[in-house]
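Undergrad: Here you go, one structure.
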Amino acid sequence: DAGVIQSPRHEVTEMGQEVTLRCKPISGHDYLFWYRQTMMRGLELLIYFNNNVPIDDSGMPEDRFSAKMPNASFSTLKIQPSEPRDSAVYFCASRNRDYEQYFGPGTRLTVT
Amino acid sequence: QKEVEQDPGPLSVPEGAIVSLNCTYSNSAFQYFMWYRQYSRKGPELLMYTYSSGNKEDGRFTAQVDKSSKYISLFIRDSQPSDSATYLCAMTGNQFYFGTGTSLTVIP
């Protein structure tokens with residue numbers, strides 16, 4: 001299996017622009033997670049899905065953030081409008097029924 | 001009180017040393033315990049996974065869980081420079097909780 005796939009790997013954008021991050025989970029995994037990692041705050045859970053349904057979005061910082069999972073093999077995290085404080089590495093992870101969670105390589109977002 | 005507490009380090013040891021990494025937690029409902037290794041500019045990589053109390057060994061790595069003390073440990077024997085990374089503990093009941101990570105450097 002190719003593992004969790006994320007795109008783009010790097011994104012540099014200007015404040016106010018829309019940013020869309022993409023994730024393809026491991027086939028057969030029924031949970032998908034979006035995390036944000038910064039030096040100051042560590043790894044933060046933003047939202048997670050079970051069978052394509054959002055279960056807990058309490059970690060989503062503001063209404064500027066939204067996430068969708070239209071099918072079992074694709075999810076997006078959108079930030080609109082983006083702000084410099086959104087600069088971080090965003091990870092997608094998927095989990096199998098044995099609770100083993102596997103991370104993608106991350107998207108490094110820089111908002112100027 | 002945080003759900004999971006982990007000493008951030010940094011920890012620096014000579015090659016060949018035994019390394020002990022630890023986390024404490026507050027929620028007695030946690031049942032699954034994991035250790036992740038994260039190299040610089042990479043995603044976390046699942047290293048060890050245990051269920052409930054006890055020890056689990058995999059090569060040079062041993063994961064230990066003491067549910068009565070709400071304490072988990074990861075031991076690395078014969079540490080190598082390639083073990084230099086940040087180690088994150090994680091645990092789950094209904095949700096995943098991660099420690100903040102311990103930065104380890106193994107000096108040749």
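Simple scheme: letters A, B, ... for chains in structure tokens order, numbers from 1 for residues in each chain, numbers from 1 for ligands in the order shown.
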Any idea what's packed within 7 Å of Thr105 in chain B, counting only C-alpha atoms, ignoring anything in its chain fewer than 6 positions away? Could you give it as a list in words?

TA: Leu11, Ser12, Val13, Ser84 and Ala85 of chain B

Undergrad: Which residues are close to Thr38 in chain A, i.e. within 12 Å by only C-alpha atoms, leaving aside same-chain residues fewer than 6 positions away? Reply as a PyMOL selection string.

TA: (chain A and resi 44-45+85-91+108-110) or (chain B and resi 41+100-101)

Undergrad: Among the residues of range 21-102 of chain A, find those DSSP assigns to strand (DSSP E or B) from the backbone and print them as a PyMOL selection string.

TA: chain A and resi 21-24+31-38+42-50+53-56+65-71+74-79+88-95+101-102

Undergrad: Determine which residues of chain A sit within 8 Å of chain B, taking into account only C-alpha atoms, and present them as an MDAnalysis selection string.

TA: chainID A and resid 41:43 91 99:106

Undergrad: Please identify all polymer residues within 9 Å of Asn27 in chain B, counting only C-alpha atoms, omitting same-chain residues fewer than 6 positions from it, and present them as an NGL selection string.

TA: :B and (3-4 or 70 or 93)

Undergrad: Excluding same-chain residues fewer than 4 positions from Tyr31 in chain A, what lies within 7 Å of it counting only C-alpha atoms, as a list in words?

TA: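 After dropping sequence-adjacent residues, the list is Phe49, Asn50, Asn51, Ser94, Arg95 and Asn96 of chain A.
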
Undergrad: For range 62-76 of chain A, list every protein, DNA or RNA residue within 7 Å, evaluated using only C-alpha atoms, and leave out those in the same chain fewer than 2 positions away; present the list as JSON, numbers by chain.

TA: {"A": [20, 21, 22, 23, 24, 25, 27, 51, 52, 60, 78, 79, 80, 81]}

Undergrad: Excluding Thr13 in chain A and its own-chain neighbours fewer than 4 positions away, which residues fall within 10 Å of it when counting only C-alpha atoms? Please give them as a list of chain:residue names.

TA: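 Once the adjacent positions are removed, what remains is A:Gln17, A:Glu18, A:Val19, A:Ser82, A:Glu83, A:Pro84, A:Ser87, A:Leu109, A:Thr110, A:Val111, A:Thr112.
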
Undergrad: With a distance cut-off of 9 Å and only C-alpha atoms, select the neighbouring residues of Asp56 in chain A, excluding the residue or stretch itself and same-chain residues fewer than 6 positions from it, and output the selection as a ChimeraX atom specification.

TA: /A:46-49

Undergrad: Kindly export the residues of the current selection with all heavy atoms, as a CSV table (one decimal), in the first residue's frame.

TA:
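In the end it all went to out-v6.csv:
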chain,number,residue,atom,x,y,z
A,46,LEU,N,-7.7,18.4,14.6
A,46,LEU,CA,-8.7,19.4,14.1
A,46,LEU,C,-10.1,18.8,14.0
A,46,LEU,O,-11.1,19.3,14.4
A,46,LEU,CB,-8.2,20.0,12.8
A,46,LEU,CG,-6.9,20.7,12.8
A,46,LEU,CD1,-6.5,21.1,11.4
A,46,LEU,CD2,-6.9,21.9,13.7
A,47,ILE,N,-10.1,17.7,13.3
A,47,ILE,CA,-11.4,17.0,13.0
A,47,ILE,C,-11.1,15.6,12.6
A,47,ILE,O,-10.0,15.2,12.2
A,47,ILE,CB,-12.1,17.7,11.8
A,47,ILE,CG1,-13.5,17.1,11.5
A,47,ILE,CG2,-11.3,17.7,10.5
A,47,ILE,CD1,-14.3,18.0,10.5
A,48,TYR,N,-12.1,14.7,12.9
A,48,TYR,CA,-12.0,13.3,12.4
A,48,TYR,C,-13.3,12.8,11.8
A,48,TYR,O,-14.4,13.2,12.3
A,48,TYR,CB,-11.3,12.4,13.4
A,48,TYR,CG,-12.2,11.9,14.5
A,48,TYR,CD1,-12.9,10.7,14.4
A,48,TYR,CD2,-12.3,12.6,15.7
A,48,TYR,CE1,-13.6,10.2,15.5
A,48,TYR,CE2,-13.0,12.1,16.8
A,48,TYR,CZ,-13.7,10.9,16.7
A,48,TYR,OH,-14.4,10.5,17.7
A,49,PHE,N,-13.2,11.9,10.9
A,49,PHE,CA,-14.3,11.3,10.2
A,49,PHE,C,-14.4,9.8,10.5
A,49,PHE,O,-13.3,9.2,10.6
A,49,PHE,CB,-14.2,11.5,8.7
A,49,PHE,CG,-14.3,12.9,8.2
A,49,PHE,CD1,-13.1,13.7,8.2
A,49,PHE,CD2,-15.4,13.4,7.7
A,49,PHE,CE1,-13.2,15.0,7.8
A,49,PHE,CE2,-15.5,14.8,7.3
A,49,PHE,CZ,-14.3,15.5,7.3

Undergrad: Would you mind reading off the distance between CA of Thr62 in chain B and CA of Gly28 in chain A, one decimal, in Å?

TA: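 CA of Gly28 in chain A lies at a distance of 28.8 Å from CA of Thr62 in chain B.
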